[in-house]
Amino acid sequence: MMDFGNFLFMEQEIGLIILFVLLFFYDIFCSEKGKKYFQLVAVSLFAVFTLFGFTPMNKGEAFGGMYISSDMTVFMKNILNIATLIMFLQVKTWLYSENTRHKKGEFYLITLVTLLGMYVMISSGNFMMLYIGMEAASLPLACLIAFNKYQEKSAEAGVKYILISALSSGIMLFGLSFLYGALGSFYFSDMSRNMISSPLVLLGFVFFFSGLAFKLSLVPFHLWTADVYEGAPTGITAYLSVVSKGAAALALIFALYKVFGSIDVAWHHILWWLAIITITLGNIFAIRQKDIKRFFAFSSISQAGYLLLGMIAGTAQGMTAMVFYILVYVFSNMAVFGVIAAVENHTKGDTRIAAFNGLYKSNPALSFVMMLAVFSLGGIPPFAGFFSKFFIFMAAAEQGEYLLVFIALLNTVISLYYYLLIIKAMFIKEENPNNLSRFSIDNYNKVSLVICTAGIFVIGFISLIYEYIDTLSFGI
Amino acid sequence: MNILSLFVVIPILMIVALFLCKGMKSIRTIMVVGSSLLLILSTVLTILFLKERAVSDAEMLFVSATTWYTPLNIAYTVGVDGISVAMLFLSSIIVFTGVFSSWNMNMAKEYFLWYCLLSVGVFGFFISIDLFTMFLFYEVALIPMYLLIGLWGTGKKEYSAMKLTLMLMAGSAFLMVGIIGIYYTSGHTTMNLLEIAKLHIPIEYQRWLFPVTFLGFGVLGALFPFHTWSPDGHASAPTAVSMLHAGVLMKLGGYGCFRVAMYLMPEAAHELGWIFLILTGISVVYGAFSAVVQTDLKYINAYSSVSHCGLVLFAILMMNQTAMTGAVMQMLSHGLMTALFFALIGLIYGRTHTRDIREMGGLMKIMPFASVCYVIAGLASLGLPGLSGFVAEMTIFVGSFQHPDVFHRVLTIVACCSIVITAVYILRTVGKILYGPVQDQHHVGLPDAAWYEKVSVVVLIVSIAYIGMYPFGLSEMINESLIPVIAKLNF
């Protein structure tokens, strides 16, 4: 007999579904004239929903441990909500352009579905649940990536993404079947109780990990990233690089800590090497890019490598540092994509780095935000990125991983080089004829950039946020 | 609020004011008022410090701690001893004169924004005694250099700006590992310098933490072979930035080597100090020799900075009271005179539009004021008694020679050679550009220093002469503050 009280633990999911239904009916039954306000309604409803996430929630395990709601999961979902809200604010101009105007309703609805999938990934206490969440998150994402369907690049990216995510799901399922065979359960708690380091379990772990590594775009599972990021509409690129990646990282750290905690000796080395090659290769390839979206694809690959440092630590401090890192990364990276979207809209889809030449002369405010964002990504104080990098290095060093920290730090110098190339393009290079005129951006995007700028400035200085995350974290 | 925090608050307020203001006149007003306030503040601080010092024998004064990140035990802790007071004074003088030396900048608002951010970093570094905030301010001071050089510089500015930023950031990567290592190995997870100094870092950790930290700061202190950013960077930077960078920022390196690397890890300093001693010895002599063959005024001065800053690290590594006092004196003296040099070079370059000494000559007839000041700067640099250079170098060499063993003595003698080489390149430059016939007829009739340039130059010369004539007040203050450091270094 099913206890429907269990559903009360799923407040955020239910809220999201209600939001979905409301928007769905608005999209279907409203006249074209009434849909003028679609953006406004959708964004304000989502903002209300985001605020709702900060109210007290029911916590506990539902459906026999299938679904877990804790302070940590609530906080993580709030991070994803904030990122999604910022993304919604940034897409206005693009969404109201000629080719996408008639399907703006679908855009929001599909995004909400993917978000729901990510919620489930984070809250899962069972690998089947995790898998379902992952599928619910990735299949609709392919639609979003191919949203500019008249553009060859976008359609191609959509196909690439769906093939890759099918492949990674397959690999992951394969690994899960091994784990099931060896441990006899899909529940996190049962599996960790029976955990042994037999070859079958290790093989299962490697396959499972590879599946999630595709989502996180760790090297060597990163080959799709640049193409997809380049082809997808800019808002979706931002969503992929921040929300989708964040959700995968959070799901991964839960699985690692809760299930595979007792065999950390086995995965420690795997993650160690992956972290190094991810950071290094991501950085080195970023240097060669001429297209700004590809550029930030590789930058986000290397940022994912830094996330691994927190996981490698395997401590509560590591988890705190990683969640804090994601939070900071949300604001910095969303700011970057907000500016890219603004420039792209003005230059009619020109996303070469050269399109940013001389941006400072024509749009000082935009280039200022971009500068803050890349400094934050590069870990320059006094911006938030400095703090998150410092803390994640501290977490890794606490476990004696000085060599890893050192290599990662040398990589920050490389990353600084290519981030400075952007600064150089905006501030030092001669002006681009396209950018000569001063252009203005829509008010939604302005709001999003203000939020991001405030986040970049403030998060590091308010130690309360870090301390709050620290009270929620747990180690192996 | 603690008086020390004002050093950070004033530049931040200046940044805010600059954001809001419009027009060249109000920008200048803000900068002059702000930097004068800083100068007054450091004078007040010195007086208060001397008063407080007379009654208290704590290692650091005006200490106040505000907890920041509780789980990690990171706090915003400030405090000063005689050495930091001296460095703060130096910084405020250079910031003040730098404003006058960049009186006519294009894009002045943005320029001064970055300039103020740079000074936030510099002042913050010298007041911090918490490793985390120290490192934070250190990096805050580094990053504005990129845009200051890249946007307002001359020559191959983009290359130099990138090279400088990346090399210094690589240095700070070493430093960050070092700081995190110190944090975890001291046995009590704390970032507070004074508390770590009371603890003992195990020697096997010291063996790698010391080189890493020393190297990290040493890059900024132009330690051979990591000095290559300095000539290019200084040559391309605009006048006031060169002044601030050579005058103050390079001192961050020396100060950090001494305050963090040596002070916290004395055993390793004894064990491994010789490696760095050799490197600094090379810096001193090599920098001087390189300066001899340069033809660009800024390059000459930049290489001479390498040589003089090498001398600072050299003296620190000698690890005795006299030499270390000399090191701090040298930091002050070099800071002032290199700033004077750069101010004058900027002045000359702004009029002649060349820095090549082969294309200049007889400037004494054209710009008598600037030329006389240049001679004074040169004489200070080659160590004329009565000016600051003599006091500092004399103390360093006397202190270094106190070591009884052959190794230290030989190195001291080698380093002493730099005095002679310094004389060669200074006199060559002075003779070539100031005396003799006028080389380029276009130079005839160029105006002498304007009033704002005179302010900047005169303030610097007065400070140099003050240290040269009356070094005792200063050296006593430094000497006293060195006692706990020396005690720790000799276990």
# chains A, B, ... in the order shown; residues from 1 in each chain; ligands from 1
>>> residues_around(residues="segment 144-159 of chain A", least_positions_apart="5", cutoff="8 Å", atoms="only C-alpha atoms", output="ChimeraX atom specification")
/A:99-100,107,110-111,227-233,236-237
>>> write_last_selection(atoms="N, CA, C and O atoms", output="tab-separated table (two decimals), in the first residue's frame")
chain	number	residue	atom	x	y	z
A	99	ASN	N	12.53	33.40	-35.76
A	99	ASN	CA	12.39	31.96	-35.93
A	99	ASN	C	11.92	31.23	-34.69
A	99	ASN	O	11.54	30.07	-34.76
A	100	THR	N	11.99	31.87	-33.56
A	100	THR	CA	11.63	31.16	-32.33
A	100	THR	C	10.42	31.76	-31.65
A	100	THR	O	9.92	31.20	-30.69
A	107	PHE	N	9.72	26.43	-25.15
A	107	PHE	CA	11.06	26.61	-24.58
A	107	PHE	C	11.01	26.50	-23.06
A	107	PHE	O	11.76	25.75	-22.45
A	110	ILE	N	9.89	22.84	-21.85
A	110	ILE	CA	10.92	21.80	-21.96
A	110	ILE	C	12.01	22.05	-20.93
A	110	ILE	O	12.50	21.11	-20.28
A	111	THR	N	12.39	23.31	-20.74
A	111	THR	CA	13.41	23.60	-19.74
A	111	THR	C	12.97	23.13	-18.37
A	111	THR	O	13.76	22.54	-17.61
A	227	ASP	N	31.45	21.18	-29.71
A	227	ASP	CA	30.51	21.25	-30.84
A	227	ASP	C	29.11	21.61	-30.37
A	227	ASP	O	28.43	22.44	-30.96
A	228	VAL	N	28.68	20.95	-29.30
A	228	VAL	CA	27.32	21.18	-28.83
A	228	VAL	C	27.19	22.59	-28.27
A	228	VAL	O	26.22	23.29	-28.55
A	229	TYR	N	28.17	23.02	-27.51
A	229	TYR	CA	28.11	24.36	-26.93
A	229	TYR	C	28.08	25.41	-28.03
A	229	TYR	O	27.43	26.44	-27.91
A	230	GLU	N	28.82	25.13	-29.09
A	230	GLU	CA	28.89	26.12	-30.16
A	230	GLU	C	27.56	26.19	-30.91
A	230	GLU	O	27.08	27.27	-31.25
A	231	GLY	N	26.96	25.01	-31.16
A	231	GLY	CA	25.75	24.99	-31.97
A	231	GLY	C	24.51	25.42	-31.22
A	231	GLY	O	23.61	26.01	-31.79
A	232	ALA	N	24.45	25.15	-29.93
A	232	ALA	CA	23.24	25.43	-29.17
A	232	ALA	C	23.00	26.93	-29.08
A	232	ALA	O	23.93	27.71	-29.16
A	233	PRO	N	21.73	27.34	-28.95
A	233	PRO	CA	21.45	28.75	-28.67
A	233	PRO	C	22.18	29.16	-27.40
A	233	PRO	O	22.32	28.34	-26.48
A	236	ILE	N	20.93	28.25	-23.99
A	236	ILE	CA	21.02	26.82	-23.69
A	236	ILE	C	22.46	26.40	-23.41
A	236	ILE	O	22.71	25.55	-22.57
A	237	THR	N	23.39	27.03	-24.09
A	237	THR	CA	24.79	26.76	-23.77
A	237	THR	C	25.06	27.07	-22.32
A	237	THR	O	25.70	26.30	-21.60
>>> residues_around(residues="segment 435-448 of chain B", least_positions_apart="2", cutoff="12 Å", atoms="only C-alpha atoms", output="short mmCIF file (atom, residue, chain, number, x, y, z; two decimals) with C-alpha atoms, in the first residue's frame")
data_model
loop_
_atom_site.label_atom_id
_atom_site.label_comp_id
_atom_site.auth_asym_id
_atom_site.auth_seq_id
_atom_site.Cartn_x
_atom_site.Cartn_y
_atom_site.Cartn_z
CA LEU B 344 62.13 61.88 -14.20
CA LEU B 347 59.11 63.64 -17.54
CA ILE B 348 61.93 63.54 -20.08
CA TYR B 349 60.16 61.03 -22.31
CA GLY B 350 57.00 63.12 -22.28
CA ARG B 351 58.96 65.97 -23.84
CA THR B 352 61.60 64.38 -26.03
CA HIS B 353 59.48 61.38 -27.08
CA THR B 354 62.52 59.18 -26.94
CA ASP B 356 67.13 56.15 -26.19
CA ILE B 357 70.21 57.66 -24.60
CA ARG B 358 71.98 57.79 -27.95
CA GLU B 359 69.46 60.30 -29.21
CA MET B 360 69.72 62.64 -26.28
CA GLY B 361 72.37 64.98 -25.03
CA GLY B 362 72.89 68.29 -23.28
CA LEU B 363 69.57 68.18 -21.50
CA MET B 364 71.13 70.15 -18.64
CA LYS B 365 70.90 73.25 -20.79
CA ILE B 366 67.33 72.56 -21.82
CA MET B 367 65.72 71.31 -18.62
CA PRO B 368 67.99 72.34 -15.78
CA PHE B 369 65.58 71.43 -12.98
CA ALA B 370 64.86 67.93 -14.20
CA SER B 371 68.50 67.33 -14.98
CA VAL B 372 69.72 68.35 -11.55
CA CYS B 373 67.17 66.04 -10.00
CA TYR B 374 68.33 63.26 -12.28
CA VAL B 375 71.88 63.75 -11.07
CA LEU B 427 77.67 58.06 -14.70
CA ARG B 428 77.54 56.88 -18.30
CA THR B 429 73.87 57.76 -18.55
CA VAL B 430 74.18 61.04 -16.75
CA GLY B 431 77.17 62.05 -18.83
CA LYS B 432 75.54 61.04 -22.07
CA ILE B 433 72.11 62.59 -21.75
CA ALA B 450 55.75 71.68 -14.68
CA TRP B 451 54.59 72.41 -11.15
CA TYR B 452 52.93 69.06 -10.61
CA GLU B 453 56.01 67.21 -11.72
CA LYS B 454 58.07 69.37 -9.41
#
>>> residues_around(residues="segment 259-267 of chain A", least_positions_apart="6", cutoff="6 Å", atoms="only C-alpha atoms", output="PDB file with N, CA and C atoms, in the first residue's frame")
ATOM      1  N   PHE A 188      20.869   3.123  -2.290  1.00  0.00           N
ATOM      2  CA  PHE A 188      22.180   3.613  -1.833  1.00  0.00           C
ATOM      3  C   PHE A 188      22.566   2.988  -0.501  1.00  0.00           C
ATOM      4  N   SER A 192      25.789   0.507   0.052  1.00  0.00           N
ATOM      5  CA  SER A 192      26.983   0.893   0.805  1.00  0.00           C
ATOM      6  C   SER A 192      27.231  -0.087   1.944  1.00  0.00           C
ATOM      7  N   ILE A 476      32.814  11.097   3.831  1.00  0.00           N
ATOM      8  CA  ILE A 476      32.605   9.674   3.542  1.00  0.00           C
ATOM      9  C   ILE A 476      32.269   8.934   4.832  1.00  0.00           C
TER      10      ILE A 476
END
>>> residues_around(residues="Phe393 of chain A", least_positions_apart="4", cutoff="7 Å", atoms="only C-alpha atoms", output="ChimeraX atom specification")
/A:389,397,405
>>> atom_distance(atom1="atom CA of Ser456 of chain B", atom2="atom CA of Phe100 of chain B")
5.7 Å
>>> interface_residues(of="chain A", to="chain B", cutoff="7 Å", atoms="only C-alpha atoms", output="list in words")
Ile380, Pro381, Pro382, Met394, Glu398, Phe406, Leu409, Leu410, Val413, Tyr417, Ile428, Ser463 and Glu467 of chain A
>>> residues_around(residues="Gln321 of chain B", least_positions_apart="5", cutoff="10 Å", atoms="only C-alpha atoms", output="PyMOL selection string")
chain B and resi 315-316+326-327+395-396+399-400+478-480+482-483+485-487
>>> select_by_dssp(residues="segment 190-391 of chain B", states="alpha helix (DSSP H)", output="PyMOL selection string")
chain B and resi 193-198+203-220+229-236+239-244+250-256+263-264+266-293+297-318+321-352+363-366+368-381+388-391
>>> residues_around(residues="Met329 of chain B", least_positions_apart="5", cutoff="12 Å", atoms="only C-alpha atoms", output="ChimeraX atom specification")
/B:82-83,86-87,90,251,254-255,308-309,311-312,315-316,322-324,334-336,387-396,464,467-468,471-479
>>> atom_distance(atom1="atom CA of Leu39 of chain B", atom2="atom CA of Lys25 of chain B")
21.0 Å
>>> residues_around(residues="Ala42 of chain A", least_positions_apart="6", cutoff="12 Å", atoms="only C-alpha atoms", output="PDB file with N, CA and C atoms, in the first residue's frame")
ATOM      1  N   LEU A  19       3.939  24.623 -11.708  1.00  0.00           N
ATOM      2  CA  LEU A  19       4.411  25.703 -12.573  1.00  0.00           C
ATOM      3  C   LEU A  19       4.317  25.294 -14.033  1.00  0.00           C
ATOM      4  N   PHE A  20       4.730  24.071 -14.281  1.00  0.00           N
ATOM      5  CA  PHE A  20       4.685  23.533 -15.638  1.00  0.00           C
ATOM      6  C   PHE A  20       3.263  23.544 -16.174  1.00  0.00           C
ATOM      7  N   VAL A  21       2.342  23.050 -15.352  1.00  0.00           N
ATOM      8  CA  VAL A  21       0.952  22.943 -15.798  1.00  0.00           C
ATOM      9  C   VAL A  21       0.373  24.332 -16.068  1.00  0.00           C
ATOM     10  N   LEU A  22       0.662  25.264 -15.183  1.00  0.00           N
ATOM     11  CA  LEU A  22       0.158  26.632 -15.361  1.00  0.00           C
ATOM     12  C   LEU A  22       0.632  27.205 -16.692  1.00  0.00           C
ATOM     13  N   LEU A  23       1.933  27.066 -16.926  1.00  0.00           N
ATOM     14  CA  LEU A  23       2.483  27.630 -18.155  1.00  0.00           C
ATOM     15  C   LEU A  23       1.941  26.894 -19.376  1.00  0.00           C
ATOM     16  N   PHE A  24       1.730  25.614 -19.192  1.00  0.00           N
ATOM     17  CA  PHE A  24       1.225  24.801 -20.291  1.00  0.00           C
ATOM     18  C   PHE A  24      -0.148  25.295 -20.738  1.00  0.00           C
ATOM     19  N   TYR A  26      -1.469  28.206 -20.080  1.00  0.00           N
ATOM     20  CA  TYR A  26      -1.331  29.568 -20.584  1.00  0.00           C
ATOM     21  C   TYR A  26      -0.903  29.528 -22.051  1.00  0.00           C
ATOM     22  N   ASP A  27       0.025  28.641 -22.339  1.00  0.00           N
ATOM     23  CA  ASP A  27       0.528  28.538 -23.711  1.00  0.00           C
ATOM     24  C   ASP A  27      -0.555  28.050 -24.666  1.00  0.00           C
ATOM     25  N   LYS A  35      -0.239  36.391 -25.308  1.00  0.00           N
ATOM     26  CA  LYS A  35       1.068  35.753 -25.125  1.00  0.00           C
ATOM     27  C   LYS A  35       2.215  36.743 -25.158  1.00  0.00           C
ATOM     28  N   LYS A  36       1.881  38.013 -25.435  1.00  0.00           N
ATOM     29  CA  LYS A  36       2.927  39.033 -25.424  1.00  0.00           C
ATOM     30  C   LYS A  36       3.641  39.045 -24.078  1.00  0.00           C
ATOM     31  N   VAL A  48       9.077  33.470  -8.266  1.00  0.00           N
ATOM     32  CA  VAL A  48       8.322  33.134  -7.061  1.00  0.00           C
ATOM     33  C   VAL A  48       8.659  31.720  -6.614  1.00  0.00           C
ATOM     34  N   PHE A  49       8.731  30.832  -7.602  1.00  0.00           N
ATOM     35  CA  PHE A  49       9.057  29.444  -7.286  1.00  0.00           C
ATOM     36  C   PHE A  49      10.454  29.344  -6.667  1.00  0.00           C
ATOM     37  N   THR A  84      18.818  28.768 -13.352  1.00  0.00           N
ATOM     38  CA  THR A  84      17.789  28.699 -14.396  1.00  0.00           C
ATOM     39  C   THR A  84      17.071  30.034 -14.529  1.00  0.00           C
ATOM     40  N   LEU A  85      16.813  30.653 -13.385  1.00  0.00           N
ATOM     41  CA  LEU A  85      16.150  31.959 -13.418  1.00  0.00           C
ATOM     42  C   LEU A  85      16.988  32.957 -14.209  1.00  0.00           C
ATOM     43  N   PHE A  88      16.644  32.230 -17.835  1.00  0.00           N
ATOM     44  CA  PHE A  88      15.359  32.700 -18.375  1.00  0.00           C
ATOM     45  C   PHE A  88      15.405  34.194 -18.658  1.00  0.00           C
ATOM     46  N   LEU A  89      16.093  34.905 -17.776  1.00  0.00           N
ATOM     47  CA  LEU A  89      16.166  36.351 -17.975  1.00  0.00           C
ATOM     48  C   LEU A  89      16.986  36.711 -19.210  1.00  0.00           C
ATOM     49  N   LYS A  92      15.461  36.491 -23.528  1.00  0.00           N
ATOM     50  CA  LYS A  92      14.340  37.258 -24.074  1.00  0.00           C
ATOM     51  C   LYS A  92      14.536  37.655 -25.547  1.00  0.00           C
ATOM     52  N   LYS A 104       7.853  30.011 -28.059  1.00  0.00           N
ATOM     53  CA  LYS A 104       8.487  30.385 -26.792  1.00  0.00           C
ATOM     54  C   LYS A 104       7.904  29.607 -25.625  1.00  0.00           C
ATOM     55  N   GLY A 105       6.615  29.246 -25.712  1.00  0.00           N
ATOM     56  CA  GLY A 105       6.022  28.440 -24.659  1.00  0.00           C
ATOM     57  C   GLY A 105       6.750  27.130 -24.487  1.00  0.00           C
ATOM     58  N   GLU A 106       7.010  26.489 -25.622  1.00  0.00           N
ATOM     59  CA  GLU A 106       7.706  25.198 -25.552  1.00  0.00           C
ATOM     60  C   GLU A 106       9.056  25.330 -24.865  1.00  0.00           C
ATOM     61  N   PHE A 107       9.725  26.431 -25.155  1.00  0.00           N
ATOM     62  CA  PHE A 107      11.061  26.609 -24.578  1.00  0.00           C
ATOM     63  C   PHE A 107      11.008  26.504 -23.060  1.00  0.00           C
ATOM     64  N   TYR A 108      10.065  27.254 -22.472  1.00  0.00           N
ATOM     65  CA  TYR A 108       9.995  27.209 -21.011  1.00  0.00           C
ATOM     66  C   TYR A 108       9.575  25.843 -20.516  1.00  0.00           C
ATOM     67  N   LEU A 109       8.596  25.246 -21.188  1.00  0.00           N
ATOM     68  CA  LEU A 109       8.088  23.966 -20.707  1.00  0.00           C
ATOM     69  C   LEU A 109       9.173  22.898 -20.739  1.00  0.00           C
ATOM     70  N   THR A 111      12.386  23.313 -20.737  1.00  0.00           N
ATOM     71  CA  THR A 111      13.410  23.598 -19.741  1.00  0.00           C
ATOM     72  C   THR A 111      12.974  23.131 -18.368  1.00  0.00           C
ATOM     73  N   LEU A 112      11.685  23.370 -18.046  1.00  0.00           N
ATOM     74  CA  LEU A 112      11.222  22.951 -16.722  1.00  0.00           C
ATOM     75  C   LEU A 112      11.297  21.439 -16.569  1.00  0.00           C
TER      76      LEU A 112
END
>>> closest_residue(among="B:Val120, B:Val398, B:Leu48, B:Met60", to="Pro11 of chain B", atoms="only C-alpha atoms")
B:Val120
>>> atom_distance(atom1="atom CA of Thr225 of chain A", atom2="atom CA of Leu449 of chain A")
24.8 Å
